[in-house]
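Q: Got start-v9.tsv for you, TSV, C-alpha atoms and all ligand atoms:
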chain	number	residue	atom	x	y	z
A	1	MET	CA	-81.53	-23.60	12.39
A	2	ILE	CA	-83.30	-20.26	12.83
A	3	ARG	CA	-84.46	-19.83	9.26
A	4	LEU	CA	-84.43	-16.55	7.37
A	5	THR	CA	-88.01	-17.11	6.31
A	6	ILE	CA	-90.76	-19.72	6.61
A	7	PRO	CA	-93.94	-19.32	4.56
A	8	SER	CA	-97.17	-19.50	6.60
A	9	ILE	CA	-98.76	-22.55	4.92
A	10	GLU	CA	-101.55	-24.10	6.99
A	11	ALA	CA	-104.23	-26.80	6.72
A	12	ASP	CA	-106.73	-24.58	4.88
A	13	ASP	CA	-104.07	-23.71	2.27
A	14	LEU	CA	-103.34	-27.40	1.67
A	15	ALA	CA	-107.06	-28.24	1.48
A	16	ALA	CA	-107.71	-25.45	-1.05
A	17	VAL	CA	-104.94	-26.69	-3.35
A	18	ARG	CA	-106.01	-30.33	-3.02
A	19	GLU	CA	-109.60	-29.45	-3.88
A	20	VAL	CA	-108.56	-27.73	-7.11
A	21	LEU	CA	-106.16	-30.51	-8.11
A	22	ALA	CA	-109.01	-33.02	-7.71
A	23	THR	CA	-111.20	-31.10	-10.19
A	24	GLY	CA	-108.68	-31.55	-13.02
A	25	PHE	CA	-109.16	-27.89	-14.13
A	26	LEU	CA	-105.72	-26.50	-13.48
A	27	VAL	CA	-104.99	-23.52	-15.74
A	28	GLN	CA	-106.24	-19.92	-15.46
A	29	GLY	CA	-109.98	-19.97	-14.75
A	30	PRO	CA	-112.55	-18.91	-12.12
A	31	ARG	CA	-110.19	-19.10	-9.14
A	32	VAL	CA	-107.69	-16.82	-10.85
A	33	ALA	CA	-110.55	-14.40	-11.56
A	34	ALA	CA	-111.66	-14.56	-7.90
A	35	PHE	CA	-108.07	-14.00	-6.68
A	36	GLU	CA	-107.82	-10.97	-8.97
A	37	ARG	CA	-111.12	-9.52	-7.70
A	38	ALA	CA	-110.04	-9.99	-4.07
A	39	LEU	CA	-106.69	-8.28	-4.68
A	40	ALA	CA	-108.25	-5.41	-6.65
A	41	GLU	CA	-110.56	-4.82	-3.69
A	42	TYR	CA	-107.75	-5.11	-1.13
A	43	LEU	CA	-105.64	-2.57	-3.04
A	44	GLY	CA	-108.52	-0.30	-4.09
A	45	VAL	CA	-107.73	-0.46	-7.83
A	46	ARG	CA	-109.90	-1.06	-10.92
A	47	HIS	CA	-107.87	-3.91	-12.37
A	48	ALA	CA	-105.69	-6.70	-10.98
A	49	ILE	CA	-104.10	-9.10	-13.48
A	50	ALA	CA	-102.51	-12.27	-12.10
A	51	VAL	CA	-99.38	-13.59	-13.82
A	52	SER	CA	-96.81	-16.32	-13.27
A	53	ASN	CA	-94.34	-14.21	-11.22
A	54	CYS	CA	-93.33	-10.60	-10.60
A	55	THR	CA	-90.62	-10.70	-13.27
A	56	ALA	CA	-93.37	-11.46	-15.80
A	57	ALA	CA	-95.48	-8.68	-14.22
A	58	LEU	CA	-92.69	-6.12	-14.66
A	59	HIS	CA	-91.93	-7.33	-18.20
A	60	LEU	CA	-95.58	-6.99	-19.25
A	61	ALA	CA	-95.93	-3.64	-17.47
A	62	LEU	CA	-93.12	-2.20	-19.61
A	63	LEU	CA	-94.50	-3.76	-22.80
A	64	ALA	CA	-97.98	-2.42	-22.01
A	65	LEU	CA	-96.42	1.07	-21.80
A	66	ASP	CA	-94.88	0.41	-25.22
A	67	VAL	CA	-91.26	0.36	-24.06
A	68	ARG	CA	-89.32	-0.32	-27.26
A	69	PRO	CA	-85.74	-1.01	-28.32
A	70	GLY	CA	-83.55	2.03	-27.66
A	71	ASP	CA	-85.91	3.55	-25.06
A	72	LEU	CA	-84.74	4.51	-21.54
A	73	VAL	CA	-86.30	3.42	-18.25
A	74	ILE	CA	-85.19	5.15	-15.03
A	75	VAL	CA	-84.75	2.63	-12.23
A	76	THR	CA	-83.40	2.46	-8.70
A	77	ALA	CA	-79.85	1.06	-8.40
A	78	TYR	CA	-80.47	-1.19	-5.39
A	79	SER	CA	-82.87	-4.08	-6.08
A	80	TYR	CA	-83.12	-7.69	-7.13
A	81	THR	CA	-81.80	-7.96	-10.69
A	82	ALA	CA	-85.25	-8.81	-12.11
A	83	THR	CA	-86.14	-5.12	-11.74
A	84	ALA	CA	-83.54	-4.03	-14.31
A	85	ASN	CA	-83.40	-7.25	-16.34
A	86	VAL	CA	-86.90	-6.66	-17.71
A	87	ILE	CA	-85.72	-3.33	-19.16
A	88	GLU	CA	-82.95	-5.14	-21.04
A	89	LEU	CA	-85.46	-7.81	-22.12
A	90	CYS	CA	-87.40	-5.03	-23.88
A	91	ALA	CA	-84.06	-4.07	-25.56
A	92	ALA	CA	-84.33	-0.76	-23.70
A	93	GLN	CA	-81.63	0.73	-21.45
A	94	PRO	CA	-81.80	1.22	-17.68
A	95	VAL	CA	-80.78	4.60	-16.27
A	96	PHE	CA	-79.91	3.85	-12.65
A	97	VAL	CA	-80.62	6.27	-9.82
A	98	ASP	CA	-78.95	6.16	-6.40
A	99	ILE	CA	-80.92	5.50	-3.20
A	100	GLN	CA	-81.68	7.12	0.16
A	101	PRO	CA	-79.22	5.94	2.84
A	102	ASP	CA	-81.95	5.19	5.43
A	103	THR	CA	-84.94	3.72	3.55
A	104	PHE	CA	-82.81	2.18	0.73
A	105	ASN	CA	-85.40	3.50	-1.78
A	106	MET	CA	-84.89	5.62	-4.92
A	107	ALA	CA	-83.78	9.11	-3.86
A	108	PRO	CA	-86.22	11.67	-5.35
A	109	ASP	CA	-83.52	14.38	-5.56
A	110	ARG	CA	-81.26	12.00	-7.53
A	111	LEU	CA	-84.24	11.20	-9.82
A	112	ALA	CA	-84.82	14.92	-10.40
A	113	GLU	CA	-81.11	15.42	-11.18
A	114	THR	CA	-81.15	12.50	-13.62
A	115	LEU	CA	-84.12	13.91	-15.51
A	116	GLU	CA	-82.56	17.39	-15.59
A	117	ARG	CA	-79.40	15.86	-17.05
A	118	LEU	CA	-81.39	13.96	-19.69
A	119	ALA	CA	-83.45	17.07	-20.45
A	120	ALA	CA	-80.24	18.85	-21.47
A	121	THR	CA	-80.53	16.83	-24.67
A	122	ARG	CA	-84.15	16.83	-25.74
A	123	ALA	CA	-83.66	13.58	-27.69
A	124	ALA	CA	-82.57	11.71	-24.54
A	125	LEU	CA	-85.55	12.92	-22.50
A	126	GLY	CA	-87.86	11.88	-25.33
A	127	ARG	CA	-86.51	8.32	-25.04
A	128	VAL	CA	-87.52	7.98	-21.36
A	129	ARG	CA	-90.57	5.73	-21.40
A	130	ALA	CA	-91.04	4.94	-17.66
A	131	ILE	CA	-89.77	5.49	-14.12
A	132	LEU	CA	-89.42	2.30	-12.07
A	133	PRO	CA	-89.05	2.79	-8.30
A	134	VAL	CA	-88.99	-0.16	-5.90
A	135	HIS	CA	-90.60	-0.44	-2.46
A	136	THR	CA	-87.41	-1.99	-1.13
A	137	PHE	CA	-87.90	-4.77	1.45
A	138	GLY	CA	-91.54	-3.66	1.84
A	139	GLN	CA	-90.66	-0.07	2.87
A	140	PRO	CA	-92.75	2.34	0.75
A	141	ALA	CA	-90.73	4.58	-1.57
A	142	ASP	CA	-91.33	8.34	-1.42
A	143	MET	CA	-94.19	8.17	-3.93
A	144	PRO	CA	-95.55	11.72	-3.47
A	145	ALA	CA	-92.13	13.14	-4.44
A	146	ILE	CA	-91.52	10.59	-7.22
A	147	MET	CA	-95.01	11.11	-8.70
A	148	ALA	CA	-94.61	14.90	-8.61
A	149	ILE	CA	-91.34	14.66	-10.58
A	150	ALA	CA	-92.78	12.08	-13.01
A	151	ASP	CA	-95.89	14.21	-13.60
A	152	ARG	CA	-93.74	17.28	-14.27
A	153	TYR	CA	-92.21	15.41	-17.22
A	154	GLY	CA	-95.35	13.41	-18.15
A	155	ILE	CA	-93.56	10.08	-17.65
A	156	PRO	CA	-95.56	7.06	-16.38
A	157	VAL	CA	-94.46	5.30	-13.20
A	158	VAL	CA	-94.29	1.52	-12.77
A	159	GLU	CA	-93.95	0.55	-9.10
A	160	ASP	CA	-92.01	-2.59	-8.28
A	161	ALA	CA	-94.02	-3.57	-5.21
A	162	ALA	CA	-92.76	-7.18	-5.31
A	163	CYS	CA	-92.06	-7.08	-1.56
A	164	ALA	CA	-94.73	-4.61	-0.52
A	165	LEU	CA	-98.23	-6.11	-0.62
A	166	GLY	CA	-100.03	-4.43	2.30
A	167	ALA	CA	-97.51	-1.58	2.74
A	168	ARG	CA	-98.99	1.93	2.76
A	169	LEU	CA	-97.85	5.51	2.54
A	170	ALA	CA	-100.09	8.42	3.58
A	171	GLY	CA	-102.90	5.86	3.74
A	172	ARG	CA	-102.46	4.75	0.12
A	173	PRO	CA	-101.26	1.22	-0.76
A	174	ALA	CA	-97.79	0.75	-2.20
A	175	GLY	CA	-98.31	-0.33	-5.82
A	176	ALA	CA	-101.41	1.83	-6.29
A	177	TRP	CA	-99.70	5.16	-6.95
A	178	GLY	CA	-98.28	4.86	-10.46
A	179	ALA	CA	-99.81	3.86	-13.81
A	180	LEU	CA	-98.95	0.26	-12.95
A	181	GLY	CA	-97.90	-1.67	-9.82
A	182	CYS	CA	-96.30	-5.13	-9.77
A	183	PHE	CA	-96.34	-7.67	-6.92
A	184	SER	CA	-94.71	-11.05	-6.18
A	185	PHE	CA	-96.04	-14.14	-4.41
A	186	HIS	CA	-92.64	-15.86	-4.16
A	187	PRO	CA	-92.20	-17.76	-0.86
A	188	ARG	CA	-89.99	-15.02	0.60
A	189	LYS	CA	-92.92	-12.58	0.42
A	190	ALA	CA	-95.62	-12.15	3.13
A	191	ILE	CA	-98.05	-14.42	1.27
A	192	THR	CA	-97.16	-16.94	-1.41
A	193	THR	CA	-98.52	-18.97	-4.30
A	194	GLY	CA	-95.17	-20.76	-4.81
A	195	GLU	CA	-94.36	-18.60	-7.81
A	196	GLY	CA	-96.85	-15.89	-8.70
A	197	GLY	CA	-97.25	-12.26	-9.61
A	198	LEU	CA	-99.77	-9.47	-10.09
A	199	ILE	CA	-100.10	-6.23	-12.02
A	200	VAL	CA	-102.55	-3.56	-10.91
A	201	THR	CA	-103.79	-0.50	-12.77
A	202	ASP	CA	-106.75	1.86	-12.93
A	203	ARG	CA	-106.38	2.25	-16.71
A	204	ASP	CA	-108.73	0.12	-18.81
A	205	ASP	CA	-106.49	0.30	-21.92
A	206	LEU	CA	-103.44	-1.01	-20.04
A	207	ALA	CA	-105.49	-3.76	-18.35
A	208	TRP	CA	-106.75	-4.98	-21.73
A	209	ARG	CA	-103.22	-5.12	-23.16
A	210	LEU	CA	-101.87	-6.89	-20.08
A	211	ARG	CA	-104.61	-9.54	-20.20
A	212	ALA	CA	-103.86	-10.16	-23.88
A	213	LEU	CA	-100.08	-10.20	-23.43
A	214	ARG	CA	-100.17	-12.77	-20.59
A	215	ASN	CA	-102.28	-15.17	-22.67
A	216	HIS	CA	-100.63	-15.62	-26.09
A	217	GLY	CA	-102.03	-12.31	-27.38
A	218	GLN	CA	-105.69	-13.40	-27.19
A	219	ASP	CA	-108.30	-10.64	-27.11
A	220	PRO	CA	-109.59	-10.96	-23.52
A	221	ASP	CA	-113.00	-9.57	-24.52
A	222	ALA	CA	-113.64	-11.79	-27.57
A	223	ALA	CA	-116.18	-14.63	-27.24
A	224	GLY	CA	-113.82	-17.14	-28.88
A	225	PRO	CA	-110.03	-17.27	-29.29
A	226	ASP	CA	-108.88	-14.34	-31.40
A	227	PHE	CA	-105.14	-13.67	-31.47
A	228	VAL	CA	-104.63	-9.93	-31.85
A	229	MET	CA	-100.93	-9.51	-30.91
A	230	PRO	CA	-97.92	-11.71	-30.16
A	231	GLY	CA	-98.12	-12.64	-26.47
A	232	PHE	CA	-96.63	-14.85	-23.79
A	233	ASN	CA	-97.88	-17.64	-21.58
A	234	TYR	CA	-97.45	-15.79	-18.27
A	235	ARG	CA	-100.61	-17.24	-16.68
A	236	LEU	CA	-101.15	-18.27	-13.08
A	237	THR	CA	-102.65	-21.72	-12.42
A	238	GLU	CA	-105.96	-22.41	-10.69
A	239	PHE	CA	-104.33	-24.20	-7.76
A	240	GLN	CA	-101.95	-21.29	-7.21
A	241	ALA	CA	-104.90	-18.89	-7.20
A	242	ALA	CA	-106.76	-21.10	-4.70
A	243	LEU	CA	-103.69	-20.95	-2.47
A	244	GLY	CA	-103.49	-17.20	-3.03
A	245	LEU	CA	-107.08	-16.77	-1.80
A	246	THR	CA	-106.51	-18.65	1.46
A	247	GLN	CA	-103.19	-16.84	1.91
A	248	LEU	CA	-104.77	-13.43	1.29
A	249	ALA	CA	-107.23	-14.10	4.13
A	250	LYS	CA	-104.19	-14.29	6.48
A	251	LEU	CA	-102.27	-11.32	5.06
A	252	ASP	CA	-103.21	-8.78	7.74
A	253	ARG	CA	-102.41	-11.28	10.50
A	254	ILE	CA	-99.02	-12.10	8.91
A	255	ILE	CA	-98.13	-8.43	8.45
A	256	ALA	CA	-99.05	-7.66	12.07
A	257	ALA	CA	-96.80	-10.50	13.25
A	258	ARG	CA	-93.93	-9.27	11.08
A	259	ARG	CA	-94.30	-5.71	12.40
A	260	GLU	CA	-94.32	-6.93	15.98
A	261	ARG	CA	-91.11	-8.87	15.39
A	262	ALA	CA	-89.53	-5.91	13.57
A	263	ASP	CA	-90.36	-3.68	16.57
A	264	ARG	CA	-88.73	-6.24	18.89
A	265	TYR	CA	-85.56	-6.28	16.76
A	266	ASP	CA	-85.57	-2.45	16.82
A	267	GLN	CA	-85.61	-2.55	20.63
A	268	LEU	CA	-82.96	-5.28	20.86
A	269	LEU	CA	-80.64	-3.32	18.55
A	270	ALA	CA	-81.24	0.11	20.09
A	271	GLY	CA	-77.98	1.80	21.07
A	272	SER	CA	-75.78	-0.82	19.38
A	273	ALA	CA	-73.43	-0.36	16.42
A	274	VAL	CA	-75.95	-2.17	14.20
A	275	GLN	CA	-78.37	0.24	12.52
A	276	PRO	CA	-82.02	-0.93	12.31
A	277	PRO	CA	-84.08	-0.15	9.17
A	278	ALA	CA	-85.61	3.35	9.05
A	279	VAL	CA	-89.30	4.02	8.49
A	280	ALA	CA	-90.20	7.21	6.61
A	281	PRO	CA	-92.83	9.54	8.13
A	282	GLY	CA	-96.35	8.38	7.18
A	283	ALA	CA	-95.07	5.00	5.94
A	284	VAL	CA	-96.48	1.67	7.09
A	285	PRO	CA	-93.95	-0.96	6.00
A	286	VAL	CA	-94.54	-4.73	5.81
A	287	TYR	CA	-90.94	-5.84	6.48
A	288	GLN	CA	-90.63	-8.38	3.67
A	289	SER	CA	-87.08	-8.41	4.99
A	290	TYR	CA	-85.62	-6.90	8.15
A	291	VAL	CA	-82.36	-5.43	6.85
A	292	VAL	CA	-79.81	-3.80	9.17
A	293	LEU	CA	-76.61	-1.91	8.38
A	294	LEU	CA	-73.39	-3.18	9.95
A	295	PRO	CA	-70.77	-0.61	10.99
A	296	PRO	CA	-68.51	0.40	8.05
A	297	ALA	CA	-65.50	-1.37	9.59
A	298	ALA	CA	-67.41	-4.69	9.48
A	299	ALA	CA	-68.28	-4.53	5.76
A	300	ALA	CA	-65.18	-6.39	4.59
A	301	GLY	CA	-65.83	-9.20	7.08
A	302	ARG	CA	-69.56	-9.58	6.30
A	303	GLY	CA	-69.16	-12.87	4.41
A	304	ASP	CA	-67.29	-14.43	7.36
A	305	LEU	CA	-69.90	-13.05	9.76
A	306	ILE	CA	-72.74	-14.67	7.74
A	307	GLY	CA	-70.77	-17.96	7.72
A	308	ARG	CA	-70.15	-17.82	11.46
A	309	LEU	CA	-73.82	-17.16	12.22
A	310	ARG	CA	-74.82	-20.06	9.96
A	311	ARG	CA	-72.48	-22.42	11.84
A	312	GLU	CA	-74.22	-21.25	15.01
A	313	GLY	CA	-77.63	-22.11	13.57
A	314	ILE	CA	-78.73	-18.65	12.38
A	315	GLU	CA	-79.50	-18.04	8.72
A	316	THR	CA	-78.77	-14.51	7.48
A	317	THR	CA	-77.93	-13.07	4.08
A	318	ILE	CA	-76.99	-9.82	2.33
A	319	GLY	CA	-79.71	-7.20	1.68
A	320	THR	CA	-80.23	-7.10	-2.08
A	321	TRP	CA	-78.12	-6.35	-5.16
A	322	HIS	CA	-76.17	-3.37	-6.43
A	323	MET	CA	-77.58	-3.86	-9.92
A	324	PRO	CA	-75.16	-1.59	-11.84
A	325	MET	CA	-72.22	-3.48	-10.28
A	326	THR	CA	-73.46	-6.97	-11.22
A	327	THR	CA	-71.31	-8.53	-13.94
A	328	TYR	CA	-73.80	-8.01	-16.76
A	329	PHE	CA	-74.59	-4.33	-16.20
A	330	ARG	CA	-71.01	-3.43	-15.24
A	331	ALA	CA	-69.65	-5.04	-18.40
A	332	ARG	CA	-72.34	-3.58	-20.66
A	333	TYR	CA	-72.33	0.01	-19.39
A	334	GLY	CA	-68.93	0.34	-17.69
A	335	TYR	CA	-70.15	1.32	-14.21
A	336	ARG	CA	-67.51	1.82	-11.52
A	337	PRO	CA	-67.45	2.06	-7.73
A	338	GLY	CA	-68.40	5.65	-6.81
A	339	ASP	CA	-71.00	6.04	-9.58
A	340	PHE	CA	-73.73	5.26	-7.00
A	341	PRO	CA	-72.05	6.03	-3.66
A	342	VAL	CA	-75.03	5.38	-1.37
A	343	THR	CA	-75.80	2.05	-3.05
A	344	ASP	CA	-72.07	1.15	-2.82
A	345	ASP	CA	-72.21	1.67	0.95
A	346	VAL	CA	-75.61	0.05	1.64
A	347	PHE	CA	-74.78	-2.96	-0.56
A	348	ALA	CA	-71.53	-3.54	1.35
A	349	ARG	CA	-72.98	-3.19	4.87
A	350	SER	CA	-76.51	-4.64	4.71
A	351	LEU	CA	-77.51	-7.83	6.48
A	352	THR	CA	-80.93	-9.52	6.49
A	353	LEU	CA	-82.01	-11.07	9.80
A	354	PRO	CA	-84.51	-13.95	10.15
A	355	LEU	CA	-88.13	-12.78	10.14
A	356	HIS	CA	-91.27	-14.89	9.92
A	357	GLU	CA	-94.54	-15.38	11.73
A	358	THR	CA	-93.33	-18.24	13.94
A	359	LEU	CA	-90.07	-16.59	15.05
A	360	THR	CA	-90.12	-16.40	18.86
A	361	ALA	CA	-88.91	-13.60	21.17
A	362	GLU	CA	-86.22	-15.98	22.51
A	363	GLU	CA	-84.99	-16.70	18.99
A	364	GLN	CA	-84.83	-12.98	18.22
A	365	ALA	CA	-82.80	-12.34	21.37
A	366	GLN	CA	-80.50	-15.19	20.32
A	367	VAL	CA	-80.10	-13.74	16.79
A	368	VAL	CA	-79.14	-10.31	18.15
A	369	GLY	CA	-76.85	-11.74	20.85
A	370	ARG	CA	-74.98	-13.92	18.37
A	371	LEU	CA	-74.84	-11.07	15.86
A	372	HIS	CA	-73.17	-8.81	18.43
A	373	ASP	CA	-70.69	-11.61	19.33
A	374	ALA	CA	-69.88	-12.17	15.65
A	375	LEU	CA	-69.47	-8.44	15.16
A	376	ALA	CA	-67.03	-8.21	18.07
A	377	VAL	CA	-64.92	-10.91	16.33
A	378	ALA	CA	-65.19	-9.14	12.96
A	379	LEU	CA	-64.09	-5.81	14.47
A	380	ARG	CA	-61.21	-7.26	16.53
A	381	PRO	CA	-57.98	-5.48	15.51
B	401	LIG	C1	-87.80	-6.05	-5.82
B	401	LIG	C2	-88.08	-7.29	-6.60
B	401	LIG	N1	-88.56	-7.19	-7.85
B	401	LIG	C3	-88.84	-8.29	-8.58
B	401	LIG	C4	-88.64	-9.56	-8.09
B	401	LIG	C5	-88.97	-10.73	-8.93
B	401	LIG	O1	-90.08	-11.41	-8.41
B	401	LIG	P1	-90.40	-12.92	-8.84
B	401	LIG	O2	-89.46	-13.81	-8.10
B	401	LIG	O3	-91.83	-13.11	-8.40
B	401	LIG	O4	-90.25	-13.00	-10.31
B	401	LIG	C6	-88.15	-9.71	-6.80
B	401	LIG	C7	-87.91	-11.05	-6.27
B	401	LIG	O5	-87.52	-11.29	-5.20
B	401	LIG	C8	-87.86	-8.56	-6.03
B	401	LIG	O6	-87.38	-8.65	-4.78
Translate this file's structure into structure tokens.
A:
Amino acid sequence: MIRLTIPSIEADDLAAVREVLATGFLVQGPRVAAFERALAEYLGVRHAIAVSNCTAALHLALLALDVRPGDLVIVTAYSYTATANVIELCAAQPVFVDIQPDTFNMAPDRLAETLERLAATRAALGRVRAILPVHTFGQPADMPAIMAIADRYGIPVVEDAACALGARLAGRPAGAWGALGCFSFHPRKAITTGEGGLIVTDRDDLAWRLRALRNHGQDPDAAGPDFVMPGFNYRLTEFQAALGLTQLAKLDRIIAARRERADRYDQLLAGSAVQPPAVAPGAVPVYQSYVVLLPPAAAAGRGDLIGRLRREGIETTIGTWHMPMTTYFRARYGYRPGDFPVTDDVFARSLTLPLHETLTAEEQAQVVGRLHDALAVALRP
């Protein structure tokens, strides 16, 4: 089977984890602190706070910004459901914004329209506590435009950079533009700690709150345990951090390999009916996923196409989720097809191809050849 993804776990990763397990000191400690320092340096930020996964990172980011019941958080429509779930978990309400058809990221002009609409009733605008764009599949969102709009209204930005560690735009790392940036170390990301997450910020006040919130509400600066707020146990373990450190040392190599394979797919797909992912000017993506668009006529047959490819030994899947049209959000807020037309189209036509460091040129040619065969069947009248 040509797998969708294979994490790059090597002998030094295994040795690092084994060494920590043998010490018997397993929960958040010096290795977590070292992992945080290394990531803060890599991303050029003042603070990096490791947590148990990116869902926890996003949840704490919103709580640190004081998102409260009844507040509004503006969020892209096309993402993994964790991105919007955390808003609901704060008892706040997501306001979804449609995406760009080529990068699949939040469309700045739709964001501006949404804020103008909310500004028509001053009370609604006053309830907007954060803007939450996503660097979808590791392609940087248009942060200069999003930050300019956010700054105009004085609203803080939380970047969901779950898939985007190492991605850059105009030379600046994805995740390091807004008040807060959140990352994931799930095995489908470039580097992994099994489960794992990170929040970065330059603001000392937010960093202090985040460190308290991830650790049962303990004052992170106090000499002894002092519980100053209700908090969670969202900590990362020592053996995960040890794995994170050995993985981080390989990140640039892994990203380079992913880019090389993405370029090869681009060439193999050139001139065909399958549309490769776009890269915005000035953006350096990391290709957490290589997501293509099938021709519109193939959308209805996409499930069969994925099944056929699987039977032929090629693992593919959809892109990500149309969050407003998932059962929960549709039932709660009454969204309908047409409310987010670009997300409707991208959700229906997207297909993720296998991409990992050990994928060979022959396997890529096989993936594209079989995809074109399957497409010919899907499009047969
Ligand atoms: C865009 C996005 N945000 C958040 C998450 C949640 O990350 P985690 O699995 O680390 O909780 C994911 C997971 O895939 C994601 O793709």
Q: Step by step, measure atom-to-atom distances between ligand LIG 401 (chain B) and each residue using all atoms listed in the file, keep those at most 9 Å, then write them as JSON, numbers by chain.
A: {"A": [52, 53, 54, 55, 56, 57, 58, 78, 79, 80, 81, 82, 83, 84, 134, 135, 136, 137, 138, 160, 161, 162, 163, 164, 182, 183, 184, 185, 186, 187, 188, 189, 195, 196, 197, 198, 320]}
Q: Find the residues near Thr317 in chain A: any atom within 12 Å, counting all atoms listed in the file, skip ones fewer than 4 places away on the same chain, and give them as a PyMOL selection string.
A: chain A and resi 3-5+289-292+302-310+321+347-355
Q: Which polymer residues, whether protein, DNA or RNA, lie within 12 Å of the coordinate (-70.6, -8.3, 14.8) when you count all atoms listed in the file? List them as a VMD selection string, using the chain letters and numbers from the file.
A: chain A and resid 269 272 to 275 292 to 309 349 351 367 to 380
Q: Which residues are near Gly44 in chain A? Cut-off 12 Å, only C-alpha atoms, ignore same chain within fewer than 4 positions. Put them as a list of chain:residue names.
A: A:Glu36, A:Arg37, A:Ala38, A:Leu39, A:Ala40, A:Ala48, A:Gly166, A:Arg168, A:Gly171, A:Arg172, A:Pro173, A:Ala174, A:Gly175, A:Ala176, A:Trp177, A:Val200, A:Thr201, A:Asp202
Q: Keeping only C-alpha atoms, take the residues you just selected and write them out as an mmCIF file, in the frame of the given file.
A:
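part.cif written:
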data_model
loop_
_atom_site.group_PDB
_atom_site.id
_atom_site.type_symbol
_atom_site.label_atom_id
_atom_site.label_comp_id
_atom_site.auth_asym_id
_atom_site.auth_seq_id
_atom_site.Cartn_x
_atom_site.Cartn_y
_atom_site.Cartn_z
ATOM 1 C CA GLU A 36 -107.820 -10.970 -8.970
ATOM 2 C CA ARG A 37 -111.120 -9.520 -7.700
ATOM 3 C CA ALA A 38 -110.040 -9.990 -4.070
ATOM 4 C CA LEU A 39 -106.690 -8.280 -4.680
ATOM 5 C CA ALA A 40 -108.250 -5.410 -6.650
ATOM 6 C CA ALA A 48 -105.690 -6.700 -10.980
ATOM 7 C CA GLY A 166 -100.030 -4.430 2.300
ATOM 8 C CA ARG A 168 -98.990 1.930 2.760
ATOM 9 C CA GLY A 171 -102.900 5.860 3.740
ATOM 10 C CA ARG A 172 -102.460 4.750 0.120
ATOM 11 C CA PRO A 173 -101.260 1.220 -0.760
ATOM 12 C CA ALA A 174 -97.790 0.750 -2.200
ATOM 13 C CA GLY A 175 -98.310 -0.330 -5.820
ATOM 14 C CA ALA A 176 -101.410 1.830 -6.290
ATOM 15 C CA TRP A 177 -99.700 5.160 -6.950
ATOM 16 C CA VAL A 200 -102.550 -3.560 -10.910
ATOM 17 C CA THR A 201 -103.790 -0.500 -12.770
ATOM 18 C CA ASP A 202 -106.750 1.860 -12.930
#
Q: Could you make a table, as a tab-separated table, of the residues of range 260-354 of chain A that have an atom within 8 Å of an atom of range 100-108 of chain A, each with its nearest atom pair and distance in Å to one decimal, counting only C-alpha atoms, in chain and number order?
A:
residue	atom	partner	partner_atom	distance
A:Pro277	CA	A:Asp102	CA	6.9
A:Ala278	CA	A:Asp102	CA	5.5
A:Val279	CA	A:Thr103	CA	6.6
A:Ala280	CA	A:Thr103	CA	7.0
A:Val342	CA	A:Pro101	CA	6.0
A:Thr343	CA	A:Pro101	CA	7.8
A:Val346	CA	A:Pro101	CA	7.0
Q: Please produce an output containing C-alpha atoms for each residue in the selection, written as a PDB file, in the frame of the given file.
A:
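Saved result, part-v5.pdb, follows:
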ATOM      1  CA  PRO A 277     -84.080  -0.150   9.170  1.00  0.00           C
ATOM      2  CA  ALA A 278     -85.610   3.350   9.050  1.00  0.00           C
ATOM      3  CA  VAL A 279     -89.300   4.020   8.490  1.00  0.00           C
ATOM      4  CA  ALA A 280     -90.200   7.210   6.610  1.00  0.00           C
ATOM      5  CA  VAL A 342     -75.030   5.380  -1.370  1.00  0.00           C
ATOM      6  CA  THR A 343     -75.800   2.050  -3.050  1.00  0.00           C
ATOM      7  CA  VAL A 346     -75.610   0.050   1.640  1.00  0.00           C
TER       8      VAL A 346
END
Q: Work out how far CA of Val286 in chain A is from CA of Met1 in chain A, in Å to one decimal.
A: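 Rounded to one decimal, the two atoms are 23.8 Å apart.
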Q: In terms of the shortest atom-to-atom distance over only C-alpha atoms, which of A:Leu14, A:Leu210, A:Leu26, A:Ala145 is closest to His59 in chain A?
A: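 Looking at the shortest contact to His59 in chain A, the residue is A:Leu210.
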Q: Counting all atoms listed in the file, which residues in range 2-114 of chain A sit no more than 7 Å from range 235-258 of chain A? For each one, give the nearest pair of atoms and the distance in Å, sorted by chain then residue number, as JSON lines.
A:
{"residue": "A:Asp12", "atom": "CA", "partner": "A:Thr246", "partner_atom": "CA", "distance": 6.8}
{"residue": "A:Asp13", "atom": "CA", "partner": "A:Leu243", "partner_atom": "CA", "distance": 5.5}
{"residue": "A:Ala16", "atom": "CA", "partner": "A:Ala242", "partner_atom": "CA", "distance": 5.8}
{"residue": "A:Val17", "atom": "CA", "partner": "A:Phe239", "partner_atom": "CA", "distance": 5.1}
{"residue": "A:Val20", "atom": "CA", "partner": "A:Phe239", "partner_atom": "CA", "distance": 5.5}
{"residue": "A:Leu21", "atom": "CA", "partner": "A:Phe239", "partner_atom": "CA", "distance": 6.6}
{"residue": "A:Leu26", "atom": "CA", "partner": "A:Glu238", "partner_atom": "CA", "distance": 5.0}
{"residue": "A:Val27", "atom": "CA", "partner": "A:Thr237", "partner_atom": "CA", "distance": 4.4}
{"residue": "A:Gln28", "atom": "CA", "partner": "A:Thr237", "partner_atom": "CA", "distance": 5.0}
{"residue": "A:Gly29", "atom": "CA", "partner": "A:Glu238", "partner_atom": "CA", "distance": 6.2}
{"residue": "A:Arg31", "atom": "CA", "partner": "A:Glu238", "partner_atom": "CA", "distance": 5.6}
{"residue": "A:Val32", "atom": "CA", "partner": "A:Ala241", "partner_atom": "CA", "distance": 5.0}
{"residue": "A:Phe35", "atom": "CA", "partner": "A:Leu245", "partner_atom": "CA", "distance": 5.7}
{"residue": "A:Ala50", "atom": "CA", "partner": "A:Leu236", "partner_atom": "CA", "distance": 6.2}
{"residue": "A:Val51", "atom": "CA", "partner": "A:Arg235", "partner_atom": "CA", "distance": 4.8}
{"residue": "A:Ser52", "atom": "CA", "partner": "A:Leu236", "partner_atom": "CA", "distance": 4.8}
